[in-house]
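For reference, start_26.csv (CSV, C-alpha atoms):
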chain,number,residue,atom,x,y,z
Z,1,MET,CA,0.0,0.0,0.0
Z,2,SER,CA,1.2,3.5,-0.8
Z,3,PRO,CA,2.7,5.6,2.0
Z,4,ILE,CA,1.1,8.6,3.6
Z,5,GLU,CA,2.7,11.7,2.2
Z,6,PHE,CA,3.3,14.2,5.0
Z,7,PHE,CA,4.3,17.7,3.8
Z,8,PHE,CA,5.6,19.9,6.6
Z,9,ASP,CA,7.7,22.9,7.5
Z,10,PHE,CA,9.9,22.6,10.5
Z,11,SER,CA,8.6,26.0,11.7
Z,12,SER,CA,5.0,24.9,12.0
Z,13,PRO,CA,3.8,23.9,15.5
Z,14,TYR,CA,0.8,22.0,14.1
Z,15,ALA,CA,3.2,20.0,11.8
Z,16,CYS,CA,5.3,19.3,14.9
Z,17,ILE,CA,2.3,18.0,16.8
Z,18,ALA,CA,1.2,15.9,13.8
Z,19,SER,CA,4.7,14.6,13.2
Z,20,LEU,CA,4.6,12.9,16.7
Z,21,GLN,CA,1.4,11.0,15.8
Z,22,ILE,CA,1.4,10.2,12.1
Z,23,GLU,CA,3.7,7.2,12.2
Z,24,ALA,CA,1.7,5.4,14.9
Z,25,LEU,CA,-1.5,6.3,13.0
Z,26,ALA,CA,0.0,4.9,9.8
Z,27,ALA,CA,1.2,1.7,11.4
Z,28,ARG,CA,-2.3,1.0,12.8
Z,29,HIS,CA,-3.4,0.7,9.2
Z,30,GLY,CA,-0.4,-1.0,7.7
Z,31,ARG,CA,1.0,2.1,6.2
Z,32,THR,CA,4.3,4.0,6.3
Z,33,VAL,CA,5.0,7.7,6.2
Z,34,GLN,CA,6.9,9.7,3.6
Z,35,PHE,CA,8.1,12.9,5.2
Z,36,LYS,CA,8.4,15.8,2.7
Z,37,PRO,CA,10.0,19.0,4.0
Z,38,ILE,CA,8.9,22.2,2.4
Z,39,LEU,CA,9.0,25.9,3.3
Z,40,LEU,CA,5.8,27.8,4.1
Z,41,GLY,CA,7.4,31.1,3.2
Z,42,PRO,CA,7.3,30.5,-0.6
Z,43,VAL,CA,4.1,28.6,-0.3
Z,44,PHE,CA,2.3,31.5,1.5
Z,45,LYS,CA,3.9,33.9,-1.1
Z,46,ALA,CA,2.4,31.8,-3.9
Z,47,VAL,CA,-1.1,31.3,-2.5
Z,48,GLY,CA,-1.5,34.5,-0.5
Z,49,GLY,CA,-1.3,33.1,3.0
Z,50,ALA,CA,0.5,34.2,6.2
Z,51,PRO,CA,1.6,32.6,9.5
Z,52,LEU,CA,-1.3,32.7,12.0
Z,53,THR,CA,0.8,34.5,14.5
Z,54,GLU,CA,1.4,37.4,12.1
Z,55,ILE,CA,-2.4,38.0,11.7
Z,56,PRO,CA,-3.2,40.4,14.6
Z,57,ALA,CA,-6.7,39.2,15.1
Z,58,LYS,CA,-5.6,35.5,15.2
Z,59,ARG,CA,-2.3,35.7,17.0
Z,60,ASP,CA,-3.5,35.3,20.6
Z,61,TYR,CA,-5.9,32.5,19.7
Z,62,ALA,CA,-3.3,30.7,17.6
Z,63,LEU,CA,-0.7,30.7,20.5
Z,64,ARG,CA,-3.4,29.3,22.9
Z,65,ASP,CA,-4.5,26.7,20.3
Z,66,PHE,CA,-0.9,25.5,19.6
Z,67,ALA,CA,-0.4,24.7,23.3
Z,68,ARG,CA,-3.9,23.3,23.8
Z,69,SER,CA,-3.7,21.1,20.7
Z,70,ALA,CA,-0.4,19.7,22.0
Z,71,ARG,CA,-1.9,18.9,25.4
Z,72,HIS,CA,-5.0,17.4,23.6
Z,73,ALA,CA,-2.6,15.1,21.6
Z,74,GLY,CA,-0.5,14.4,24.7
Z,75,VAL,CA,2.7,15.6,23.1
Z,76,PRO,CA,5.2,18.2,24.4
Z,77,LEU,CA,5.3,21.6,22.9
Z,78,ARG,CA,6.9,24.9,24.0
Z,79,MET,CA,6.7,27.8,21.7
Z,80,PRO,CA,10.2,29.1,20.7
Z,81,GLU,CA,11.1,32.7,20.9
Z,82,PRO,CA,11.3,34.4,18.5
Z,83,PHE,CA,8.7,32.8,16.3
Z,84,PRO,CA,8.5,32.0,13.4
Z,85,ARG,CA,12.0,31.0,12.7
Z,86,PRO,CA,13.9,30.2,9.4
Z,87,THR,CA,14.3,26.5,8.8
Z,88,VAL,CA,15.7,26.3,5.3
Z,89,ASN,CA,18.9,24.6,6.3
Z,90,THR,CA,17.0,22.0,8.3
Z,91,ALA,CA,14.8,21.2,5.3
Z,92,ARG,CA,17.9,21.0,3.1
Z,93,ALA,CA,19.7,18.6,5.5
Z,94,THR,CA,16.6,16.5,5.7
Z,95,LEU,CA,16.3,16.2,1.9
Z,96,TRP,CA,20.0,15.3,1.7
Z,97,LEU,CA,19.5,12.5,4.3
Z,98,GLN,CA,16.5,11.2,2.5
Z,99,ASP,CA,18.1,11.3,-1.0
Z,100,THR,CA,21.2,9.5,0.3
Z,101,GLN,CA,18.8,7.0,2.1
Z,102,HIS,CA,20.5,7.6,5.4
Z,103,PRO,CA,18.9,5.3,8.0
Z,104,ALA,CA,18.6,8.2,10.5
Z,105,ALA,CA,16.7,10.5,8.2
Z,106,THR,CA,13.4,10.3,10.1
Z,107,ALA,CA,15.1,10.3,13.5
Z,108,PHE,CA,16.8,13.6,12.4
Z,109,ILE,CA,13.3,15.1,11.6
Z,110,HIS,CA,12.1,14.2,15.1
Z,111,ALA,CA,15.3,15.5,16.7
Z,112,ALA,CA,15.0,18.8,14.8
Z,113,PHE,CA,11.3,19.3,15.7
Z,114,ARG,CA,12.1,18.6,19.4
Z,115,ALA,CA,15.1,20.9,19.4
Z,116,LEU,CA,12.9,23.8,18.1
Z,117,PHE,CA,9.6,23.1,19.9
Z,118,VAL,CA,10.8,21.8,23.2
Z,119,ASP,CA,14.4,23.1,23.6
Z,120,ASN,CA,14.1,26.5,21.9
Z,121,ARG,CA,17.1,25.9,19.7
Z,122,ASP,CA,18.0,27.7,16.5
Z,123,ILE,CA,17.7,24.7,14.2
Z,124,ASN,CA,18.7,26.8,11.1
Z,125,ASP,CA,22.1,27.2,12.6
Z,126,PRO,CA,24.5,24.7,10.9
Z,127,ALA,CA,26.3,24.2,14.3
Z,128,THR,CA,23.0,23.1,15.9
Z,129,LEU,CA,22.3,20.8,12.9
Z,130,VAL,CA,25.7,19.1,13.5
Z,131,GLU,CA,25.0,18.8,17.2
Z,132,LEU,CA,21.7,17.0,16.4
Z,133,ALA,CA,23.1,14.9,13.6
Z,134,THR,CA,26.3,13.6,15.2
Z,135,PRO,CA,24.7,11.2,17.8
Z,136,LEU,CA,22.6,9.8,14.9
Z,137,GLY,CA,25.7,8.7,13.1
Z,138,ILE,CA,25.4,11.4,10.4
Z,139,ASP,CA,28.7,12.7,9.1
Z,140,PRO,CA,29.0,16.3,10.2
Z,141,GLN,CA,31.2,17.5,7.3
Z,142,ALA,CA,29.0,15.9,4.7
Z,143,LEU,CA,26.0,17.6,6.4
Z,144,LEU,CA,27.6,21.0,6.4
Z,145,ALA,CA,28.5,20.6,2.7
Z,146,ALA,CA,25.0,19.4,1.8
Z,147,VAL,CA,23.2,22.5,3.2
Z,148,GLN,CA,25.3,24.7,0.9
Z,149,ASP,CA,25.1,22.3,-2.1
Z,150,PRO,CA,23.4,24.0,-5.0
Z,151,ALA,CA,21.9,20.7,-6.0
Z,152,ILE,CA,20.2,20.3,-2.6
Z,153,LYS,CA,19.1,24.0,-2.8
Z,154,ASP,CA,17.4,23.2,-6.1
Z,155,ARG,CA,16.0,20.0,-4.7
Z,156,LEU,CA,14.2,22.0,-2.0
Z,157,LYS,CA,12.9,24.6,-4.5
Z,158,ASN,CA,11.6,21.8,-6.7
Z,159,THR,CA,10.0,20.1,-3.7
Z,160,VAL,CA,8.1,23.3,-2.8
Z,161,GLU,CA,7.1,23.8,-6.4
Z,162,ALA,CA,5.9,20.2,-6.8
Z,163,ALA,CA,3.9,20.6,-3.5
Z,164,LEU,CA,2.2,23.8,-4.9
Z,165,GLN,CA,1.3,21.9,-8.1
Z,166,ARG,CA,-0.3,19.2,-5.9
Z,167,GLY,CA,-2.5,21.8,-4.2
Z,168,VAL,CA,-0.5,22.2,-0.9
Z,169,PHE,CA,-1.2,25.5,0.7
Z,170,GLY,CA,-0.3,25.0,4.4
Z,171,ALA,CA,1.3,22.5,6.8
Z,172,PRO,CA,1.0,19.8,7.7
Z,173,PHE,CA,-0.6,18.7,4.4
Z,174,MET,CA,-1.1,15.0,3.9
Z,175,PHE,CA,-2.2,12.8,1.1
Z,176,VAL,CA,-3.6,9.3,1.4
Z,177,ASP,CA,-4.0,7.6,-2.0
Z,178,GLY,CA,-4.4,11.0,-3.5
Z,179,GLU,CA,-6.9,12.3,-0.9
Z,180,PRO,CA,-5.7,15.6,0.6
Z,181,PHE,CA,-5.9,16.4,4.3
Z,182,TRP,CA,-4.8,19.8,5.6
Z,183,GLY,CA,-3.9,20.3,9.3
Z,184,ASN,CA,-3.1,18.4,12.4
Z,185,ASP,CA,-6.9,18.6,13.1
Z,186,ARG,CA,-7.6,16.4,10.1
Z,187,LEU,CA,-5.8,13.4,11.6
Z,188,PRO,CA,-9.1,11.9,12.8
Z,189,GLN,CA,-10.6,12.1,9.3
Z,190,LEU,CA,-7.4,10.7,7.8
Z,191,GLU,CA,-7.5,7.8,10.2
Z,192,HIS,CA,-11.2,7.3,9.4
Z,193,TRP,CA,-10.3,7.3,5.7
Z,194,LEU,CA,-7.6,4.6,6.2
Z,195,ALA,CA,-9.9,2.5,8.4
Z,196,GLN,CA,-12.8,2.6,5.9
Z,197,GLY,CA,-10.8,2.8,2.6
Z,198,GLY,CA,-12.5,6.2,2.1
Z,199,PHE,CA,-15.9,7.4,3.3
D,200,MET,CA,-23.2,25.9,34.7
D,201,SER,CA,-22.9,28.5,32.0
D,202,PRO,CA,-24.1,27.7,28.5
D,203,ILE,CA,-21.7,27.1,25.6
D,204,GLU,CA,-21.8,30.2,23.4
D,205,PHE,CA,-22.0,29.3,19.8
D,206,PHE,CA,-21.2,32.2,17.4
D,207,PHE,CA,-22.2,31.3,13.8
D,208,ASP,CA,-23.1,32.7,10.4
D,209,PHE,CA,-25.9,30.9,8.5
D,210,SER,CA,-23.7,30.9,5.4
D,211,SER,CA,-20.9,28.8,7.0
D,212,PRO,CA,-20.9,25.1,6.1
D,213,TYR,CA,-18.7,24.3,9.1
D,214,ALA,CA,-21.1,26.2,11.4
D,215,CYS,CA,-23.9,24.1,9.9
D,216,ILE,CA,-22.1,20.9,10.6
D,217,ALA,CA,-21.2,21.9,14.1
D,218,SER,CA,-24.8,23.2,14.8
D,219,LEU,CA,-26.0,19.6,14.3
D,220,GLN,CA,-23.7,18.3,17.0
D,221,ILE,CA,-23.2,21.0,19.6
D,222,GLU,CA,-26.5,20.5,21.5
D,223,ALA,CA,-26.0,16.7,22.1
D,224,LEU,CA,-22.3,17.4,23.0
D,225,ALA,CA,-23.4,20.1,25.5
D,226,ALA,CA,-26.1,17.8,27.0
D,227,ARG,CA,-23.6,15.0,27.6
D,228,HIS,CA,-21.9,17.4,30.0
D,229,GLY,CA,-25.0,19.0,31.6
D,230,ARG,CA,-24.7,22.2,29.5
D,231,THR,CA,-27.0,24.1,27.2
D,232,VAL,CA,-26.1,26.1,24.0
D,233,GLN,CA,-26.6,29.8,23.5
D,234,PHE,CA,-26.7,30.3,19.7
D,235,LYS,CA,-25.4,33.7,18.6
D,236,PRO,CA,-25.9,34.6,15.0
D,237,ILE,CA,-23.3,37.0,13.4
D,238,LEU,CA,-22.3,37.9,9.9
D,239,LEU,CA,-18.9,36.9,8.6
D,240,GLY,CA,-18.8,39.7,6.0
D,241,PRO,CA,-18.2,42.5,8.6
D,242,VAL,CA,-16.0,40.1,10.7
D,243,PHE,CA,-13.7,39.3,7.7
D,244,LYS,CA,-13.7,43.0,6.8
D,245,ALA,CA,-12.5,43.9,10.4
D,246,VAL,CA,-9.9,41.2,10.7
D,247,GLY,CA,-8.7,40.8,7.1
D,248,GLY,CA,-10.2,37.4,6.3
D,249,ALA,CA,-12.1,35.9,3.4
D,250,PRO,CA,-14.4,32.9,2.7
D,251,LEU,CA,-12.3,29.9,1.9
D,252,THR,CA,-14.0,29.4,-1.4
D,253,GLU,CA,-12.9,32.8,-2.5
D,254,ILE,CA,-9.2,32.0,-2.1
D,255,PRO,CA,-8.3,30.3,-5.4
D,256,ALA,CA,-5.6,28.0,-3.9
D,257,LYS,CA,-8.0,26.8,-1.2
D,258,ARG,CA,-11.3,26.6,-3.0
D,259,ASP,CA,-11.2,23.0,-4.3
D,260,TYR,CA,-9.8,21.7,-1.0
D,261,ALA,CA,-12.5,23.6,0.9
D,262,LEU,CA,-15.4,22.2,-1.1
D,263,ARG,CA,-14.0,18.7,-0.7
D,264,ASP,CA,-13.4,19.2,3.0
D,265,PHE,CA,-16.9,20.6,3.6
D,266,ALA,CA,-18.5,17.5,2.2
D,267,ARG,CA,-16.0,15.1,3.8
D,268,SER,CA,-16.4,16.8,7.2
D,269,ALA,CA,-20.2,16.4,7.0
D,270,ARG,CA,-19.8,12.7,6.1
D,271,HIS,CA,-17.3,12.3,9.0
D,272,ALA,CA,-19.8,13.8,11.4
D,273,GLY,CA,-22.7,11.8,9.9
D,274,VAL,CA,-24.8,14.8,9.1
D,275,PRO,CA,-26.3,15.8,5.7
D,276,LEU,CA,-24.8,18.7,3.7
D,277,ARG,CA,-25.2,19.7,0.1
D,278,MET,CA,-23.4,22.8,-1.0
D,279,PRO,CA,-25.9,25.5,-2.3
D,280,GLU,CA,-25.4,27.2,-5.6
D,281,PRO,CA,-24.4,30.1,-5.7
D,282,PHE,CA,-22.2,30.2,-2.6
D,283,PRO,CA,-21.7,32.1,-0.4
D,284,ARG,CA,-25.1,33.6,0.1
D,285,PRO,CA,-26.3,36.6,2.1
D,286,THR,CA,-28.0,35.6,5.3
D,287,VAL,CA,-28.6,39.0,7.0
D,288,ASN,CA,-32.3,38.6,7.2
D,289,THR,CA,-32.0,35.1,8.6
D,290,ALA,CA,-29.7,36.4,11.4
D,291,ARG,CA,-32.1,39.3,12.1
D,292,ALA,CA,-35.1,36.9,12.3
D,293,THR,CA,-33.1,34.7,14.7
D,294,LEU,CA,-32.2,37.6,17.0
D,295,TRP,CA,-35.8,38.7,17.1
D,296,LEU,CA,-37.0,35.2,18.0
D,297,GLN,CA,-34.4,35.0,20.7
D,298,ASP,CA,-35.1,38.5,22.1
D,299,THR,CA,-38.8,37.7,22.3
D,300,GLN,CA,-38.0,34.3,23.9
D,301,HIS,CA,-40.0,32.5,21.2
D,302,PRO,CA,-40.0,28.8,22.0
D,303,ALA,CA,-39.1,27.9,18.4
D,304,ALA,CA,-36.0,30.1,18.2
D,305,THR,CA,-33.6,27.2,18.1
D,306,ALA,CA,-35.8,25.1,15.9
D,307,PHE,CA,-35.9,28.0,13.4
D,308,ILE,CA,-32.0,28.0,13.4
D,309,HIS,CA,-32.0,24.3,12.5
D,310,ALA,CA,-34.7,24.8,9.9
D,311,ALA,CA,-32.8,27.6,8.2
D,312,PHE,CA,-29.5,25.8,8.1
D,313,ARG,CA,-31.3,22.8,6.6
D,314,ALA,CA,-33.1,24.9,4.0
D,315,LEU,CA,-29.8,26.4,2.9
D,316,PHE,CA,-27.4,23.4,3.2
D,317,VAL,CA,-29.7,20.5,2.2
D,318,ASP,CA,-32.5,22.1,0.1
D,319,ASN,CA,-30.6,24.9,-1.6
D,320,ARG,CA,-33.1,27.5,-0.6
D,321,ASP,CA,-32.5,31.3,-0.6
D,322,ILE,CA,-32.9,31.8,3.2
D,323,ASN,CA,-32.3,35.5,2.9
D,324,ASP,CA,-35.6,35.9,1.0
D,325,PRO,CA,-38.3,37.0,3.5
D,326,ALA,CA,-40.8,34.7,1.7
D,327,THR,CA,-38.6,31.7,2.5
D,328,LEU,CA,-38.3,32.8,6.1
D,329,VAL,CA,-42.1,32.9,6.4
D,330,GLU,CA,-42.3,29.5,4.8
D,331,LEU,CA,-39.8,28.1,7.4
D,332,ALA,CA,-41.4,30.0,10.3
D,333,THR,CA,-45.1,29.3,9.9
D,334,PRO,CA,-45.0,25.6,10.7
D,335,LEU,CA,-43.0,26.5,13.9
D,336,GLY,CA,-45.9,28.7,15.2
D,337,ILE,CA,-44.1,31.9,14.4
D,338,ASP,CA,-46.3,34.9,13.4
D,339,PRO,CA,-45.3,35.7,9.7
D,340,GLN,CA,-46.3,39.4,9.8
D,341,ALA,CA,-44.3,39.9,13.0
D,342,LEU,CA,-41.3,38.2,11.4
D,343,LEU,CA,-41.5,40.3,8.3
D,344,ALA,CA,-41.7,43.4,10.4
D,345,ALA,CA,-38.8,42.3,12.5
D,346,VAL,CA,-36.3,41.8,9.7
D,347,GLN,CA,-37.0,45.5,8.7
D,348,ASP,CA,-37.0,46.8,12.2
D,349,PRO,CA,-34.2,49.4,12.8
D,350,ALA,CA,-33.9,48.1,16.4
D,351,ILE,CA,-33.2,44.6,15.2
D,352,LYS,CA,-30.8,45.8,12.5
D,353,ASP,CA,-28.9,47.6,15.3
D,354,ARG,CA,-29.1,44.5,17.5
D,355,LEU,CA,-27.3,42.5,14.8
D,356,LYS,CA,-24.6,45.2,14.3
D,357,ASN,CA,-24.0,45.3,18.0
D,358,THR,CA,-23.8,41.5,18.2
D,359,VAL,CA,-21.2,41.4,15.5
D,360,GLU,CA,-19.3,44.2,17.2
D,361,ALA,CA,-19.4,42.5,20.6
D,362,ALA,CA,-18.2,39.2,18.9
D,363,LEU,CA,-15.2,41.1,17.4
D,364,GLN,CA,-14.4,42.5,20.9
D,365,ARG,CA,-14.4,39.0,22.3
D,366,GLY,CA,-11.9,37.9,19.7
D,367,VAL,CA,-14.2,36.1,17.3
D,368,PHE,CA,-12.6,36.0,13.7
D,369,GLY,CA,-14.5,33.1,12.1
D,370,ALA,CA,-17.3,30.6,12.5
D,371,PRO,CA,-18.3,28.6,14.2
D,372,PHE,CA,-16.6,30.2,17.2
D,373,MET,CA,-17.4,28.8,20.6
D,374,PHE,CA,-16.7,29.8,24.2
D,375,VAL,CA,-16.8,27.4,27.2
D,376,ASP,CA,-16.4,29.3,30.5
D,377,GLY,CA,-14.4,31.9,28.6
D,378,GLU,CA,-12.2,29.4,26.7
D,379,PRO,CA,-12.3,30.1,22.9
D,380,PHE,CA,-12.7,27.3,20.3
D,381,TRP,CA,-12.6,28.1,16.6
D,382,GLY,CA,-14.0,25.7,14.0
D,383,ASN,CA,-16.1,22.6,13.7
D,384,ASP,CA,-12.8,20.7,14.0
D,385,ARG,CA,-12.4,21.9,17.6
D,386,LEU,CA,-15.4,20.1,18.9
D,387,PRO,CA,-13.3,17.1,20.1
D,388,GLN,CA,-11.1,19.6,22.1
D,389,LEU,CA,-14.2,21.4,23.4
D,390,GLU,CA,-15.7,18.1,24.6
D,391,HIS,CA,-12.4,17.1,26.2
D,392,TRP,CA,-12.4,20.5,28.0
D,393,LEU,CA,-16.0,19.9,29.3
D,394,ALA,CA,-15.2,16.4,30.4
D,395,GLN,CA,-12.0,17.4,32.3
D,396,GLY,CA,-13.0,20.9,33.4
D,397,GLY,CA,-10.1,22.2,31.3
D,398,PHE,CA,-6.9,20.4,30.4
Representation of the structure as C-alpha cells:
Amino acid sequence: MSPIEFFFDFSSPYACIASLQIEALAARHGRTVQFKPILLGPVFKAVGGAPLTEIPAKRDYALRDFARSARHAGVPLRMPEPFPRPTVNTARATLWLQDTQHPAATAFIHAAFRALFVDNRDINDPATLVELATPLGIDPQALLAAVQDPAIKDRLKNTVEAALQRGVFGAPFMFVDGEPFWGNDRLPQLEHWLAQGGF
Amino acid sequence: MSPIEFFFDFSSPYACIASLQIEALAARHGRTVQFKPILLGPVFKAVGGAPLTEIPAKRDYALRDFARSARHAGVPLRMPEPFPRPTVNTARATLWLQDTQHPAATAFIHAAFRALFVDNRDINDPATLVELATPLGIDPQALLAAVQDPAIKDRLKNTVEAALQRGVFGAPFMFVDGEPFWGNDRLPQLEHWLAQGGF
C-alpha cells in the first residue's frame, strides 16, 4: 500500500504535533509515512497566506491553540522565541539525508522538531544541525556541505514547487492515496479514511 | 453551569455541521447552548479574512473538505449554488425570536440551516423565512416586520461588534467558560475541555 505523504515545514507547530502522531497512526493501518520537508514562506507567497501569529486578530488564539492542541494530543510543545524561525537549512539537511537513504533521516526530523519546539534551539544554525546529527551517526562534514550544495538547494525549491502543483497551501498537508488532508486537526478524518478505505 | 456560546453565520458550512452536533455534545456534560448569529462579512472586513471558497488556492480543497467533514460527522450537507449567500435577514429573524423568547427560536435556526445546506433555498428571502417559520408557530407578519425593524438591525450590528471585541474572527466560534474554540474541527477539544474541566 502506498505511504502517507506528509508535507511539513519545521517551523509549523501544528506540523510538529502531527509529526509525533502520524507514524503510529499509519502503522495502525499497515502504512508508512513519507516525510516531505517544504518551506511555508514561498508557499504563502504563492497562494497569499501568512503565519497565523502574524495576523493580529488570530495571534492570541493561535498561541493558545498551539499549546492546547499539543496537550490534547498528549505531546510536548513549548513555543520558541522568536517565532516563526527560518528552517531552510533544516529542510535541506533532511532532503539530503532522504536522498542518500540515510537510516537516521526520520530520526533527524524528530530530533530537529524537538530541538525547536521543546528546547528552543535555532535549528537553522549549521552548528545546531551538526549537534543534532552527530549522535545519529550522520557525518557532520557531509551535512555542512549538503546544506550549501546548489543541487540540494534546487532540490528544495523543486519540492516546494511540486507541492504547490499538488495543491498544498499549508502544513501539515497530507495525502492518502491522492486524498488531501490539511492540518493536524484532520488526523481523525485521515484515520477514518484509512480504516474505511474512504468514506 | 454557564451555557456554551456558539457564534455562527448561517452561510458557513462548518457552522452548519457543528450546529447539528453541539447540543448533544453540551447535553452530555450538563450544558446548554446559546446560539449567537453573526455575519462573517463584517467580521472578515474587520480582521482581514475571506471565505475559503474565494481564495483560489483553497477553493477546491475547501469544497472537498466541507463534504467530507459532514460525512465524517454523519450529518447531511449539500453545497448550495451560488455560494456564499447573504444571510442577514436570517440572522435578524433569529435575534428577534431569541429576544422575544420565542420557544421555536432554536428550531428556526436548524430549519434555516437545513433549508440552505440541504434544500438549496434562498434563506435571505423573506418569503422563504415565512415558509420556514409558519410551521413552527411563528407569526409571519411579525417576522416580516422584525427583519426590517431598525432596532433589530442595530441589534445584529451590536452582536457582531461584541463578537469582534471577544476575539471572534471566524465561524463557528465557541466559548466554554471563557475558553475560545474556533471551528467545527475543535469540537473534540471542546468536549475534552468539558469532560475534564479544562486540560
Set the distance at 7 Å and use all atoms listed in the file: which residues neighbour Met174 (chain Z) once local chain neighbours fewer than 4 positions away are removed? I'd like the list as a PDB file with C-alpha atoms, in the frame of the given file.
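Now in part_17.pdb:
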ATOM      1  CA  ILE Z   4       1.100   8.600   3.600  1.00  0.00           C
ATOM      2  CA  GLU Z   5       2.700  11.700   2.200  1.00  0.00           C
ATOM      3  CA  PHE Z   6       3.300  14.200   5.000  1.00  0.00           C
ATOM      4  CA  PHE Z   7       4.300  17.700   3.800  1.00  0.00           C
ATOM      5  CA  PRO Z 180      -5.700  15.600   0.600  1.00  0.00           C
ATOM      6  CA  PHE Z 181      -5.900  16.400   4.300  1.00  0.00           C
ATOM      7  CA  TRP Z 182      -4.800  19.800   5.600  1.00  0.00           C
TER       8      TRP Z 182
END
Would you compute the box with edges along x, y and z of the file around region 249-261 of chain D, including every atom the file lists for it and 3 Å extra on each side, and give its centre and edge lengths in Å to one decimal, as JSON?
{"center_x": -10.0, "center_y": 28.8, "center_z": -1.0, "size_x": 14.8, "size_y": 20.2, "size_z": 14.8}
Counting only C-alpha atoms, give me one row per residue of chain Z with an atom at most 10 Å from an atom of chain D, showing the shortest contact pair and its distance in Å to one decimal, sorted by chain then residue number, as a Markdown table.
| residue | atom | partner | partner_atom | distance |
| --- | --- | --- | --- | --- |
| Z:Ala46 | CA | D:Ala256 | CA | 8.9 |
| Z:Val47 | CA | D:Ala256 | CA | 5.8 |
| Z:Gly48 | CA | D:Ile254 | CA | 8.3 |
| Z:Gly49 | CA | D:Ile254 | CA | 9.5 |
| Z:Ile55 | CA | D:Val246 | CA | 8.2 |
| Z:Pro56 | CA | D:Val246 | CA | 7.8 |
| Z:Ala57 | CA | D:Val246 | CA | 5.8 |
| Z:Lys58 | CA | D:Phe368 | CA | 7.2 |
| Z:Asp60 | CA | D:Gly366 | CA | 8.8 |
| Z:Tyr61 | CA | D:Pro379 | CA | 7.5 |
| Z:Ala62 | CA | D:Trp381 | CA | 9.7 |
| Z:Arg64 | CA | D:Pro379 | CA | 8.9 |
| Z:Asp65 | CA | D:Phe380 | CA | 8.2 |
| Z:Arg68 | CA | D:Phe398 | CA | 7.8 |
| Z:Ser69 | CA | D:Gln388 | CA | 7.7 |
| Z:Arg71 | CA | D:Phe398 | CA | 7.2 |
| Z:His72 | CA | D:Gln388 | CA | 6.7 |
| Z:Ala73 | CA | D:Gln388 | CA | 9.6 |
| Z:Leu164 | CA | D:Ala256 | CA | 8.9 |
| Z:Gly167 | CA | D:Ala256 | CA | 6.9 |
| Z:Val168 | CA | D:Ala256 | CA | 8.3 |
| Z:Phe169 | CA | D:Ala256 | CA | 6.8 |
| Z:Gly170 | CA | D:Lys257 | CA | 9.7 |
| Z:Glu179 | CA | D:Arg263 | CA | 9.6 |
| Z:Pro180 | CA | D:Tyr260 | CA | 7.5 |
| Z:Phe181 | CA | D:Asp264 | CA | 8.1 |
| Z:Trp182 | CA | D:Tyr260 | CA | 8.5 |
| Z:Asp185 | CA | D:Asp384 | CA | 6.3 |
| Z:Arg186 | CA | D:Asp384 | CA | 7.8 |
| Z:Pro188 | CA | D:His271 | CA | 9.0 |
| Z:Gln189 | CA | D:His271 | CA | 6.7 |
| Z:His192 | CA | D:His271 | CA | 7.9 |
| Z:Trp193 | CA | D:His271 | CA | 9.2 |
| Z:Gly198 | CA | D:Arg267 | CA | 9.7 |
| Z:Phe199 | CA | D:Arg270 | CA | 7.2 |
Original post:
Which distance in Å separates CA of Ala290 (chain D) and CA of Pro349 (chain D), to one decimal?
Top reply: 13.8 Å
Original post:
So what do you get for CA of Leu294 (chain D) versus CA of Thr327 (chain D), distance-wise?
Top reply: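 CA of Leu294 (chain D) sits 16.9 Å away from CA of Thr327 (chain D).
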Subject >> Between CA of Val43 (chain Z) and CA of Phe175 (chain Z), distance in Å (one decimal) >> reply: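 Computing it gives 17.1 Å between the two atoms.
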Subject >> Test item: residues at most 8 Å from region 104-109 of chain Z, all atoms listed in the file, excluding those fewer than 5 positions along its chain, as a list in words >> reply: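 Here the qualifying residues turn out to be Phe35, Thr94, Leu97, Gln98, Leu132, Ala133, Leu136, Gly137 and Ile138 of chain Z.
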Subject >> Near-Thr32 (chain Z) list (12 Å; only C-alpha atoms; drop same-chain fewer than 4 positions) as a PyMOL selection string >> reply: chain Z and resi 1-6+22-28+106+176+194
Original post:
Between Z:Ala195, Z:Glu161, Z:Gly74, Z:Gly30, which has the minimum distance to Lys45 (chain Z) (counting all atoms listed in the file)?
Top reply: Z:Glu161
Subject >> Counting all atoms listed in the file, the residue of D:Leu343, D:Leu219, D:Met278, D:Ala214 that sits nearest Leu238 (chain D) >> reply: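 Counting all atoms listed in the file, the residue closest to Leu238 (chain D) is D:Ala214.
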Since the input has fewer atoms than a full residue there, write region 160-165 of chain Z out with N, CA, C and O atoms, as a short mmCIF file (atom, residue, chain, number, x, y, z; two decimals), in the coordinates of the input.
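Wrote it out as selection.cif, contents follow:
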data_model
loop_
_atom_site.label_atom_id
_atom_site.label_comp_id
_atom_site.auth_asym_id
_atom_site.auth_seq_id
_atom_site.Cartn_x
_atom_site.Cartn_y
_atom_site.Cartn_z
N VAL Z 160 9.17 22.27 -3.12
CA VAL Z 160 8.10 23.30 -2.80
C VAL Z 160 7.24 23.47 -4.06
O VAL Z 160 6.01 23.51 -3.96
N GLU Z 161 7.87 23.60 -5.21
CA GLU Z 161 7.10 23.80 -6.40
C GLU Z 161 6.17 22.65 -6.73
O GLU Z 161 5.01 22.84 -7.09
N ALA Z 162 6.69 21.43 -6.54
CA ALA Z 162 5.90 20.20 -6.80
C ALA Z 162 4.70 20.19 -5.77
O ALA Z 162 3.58 19.80 -6.12
N ALA Z 163 4.96 20.60 -4.53
CA ALA Z 163 3.90 20.60 -3.50
C ALA Z 163 2.80 21.60 -3.94
O ALA Z 163 1.61 21.29 -3.86
N LEU Z 164 3.21 22.79 -4.40
CA LEU Z 164 2.20 23.80 -4.90
C LEU Z 164 1.38 23.21 -6.01
O LEU Z 164 0.16 23.40 -6.06
N GLN Z 165 2.05 22.52 -6.91
CA GLN Z 165 1.30 21.90 -8.10
C GLN Z 165 0.32 20.88 -7.58
O GLN Z 165 -0.70 20.67 -8.23
#
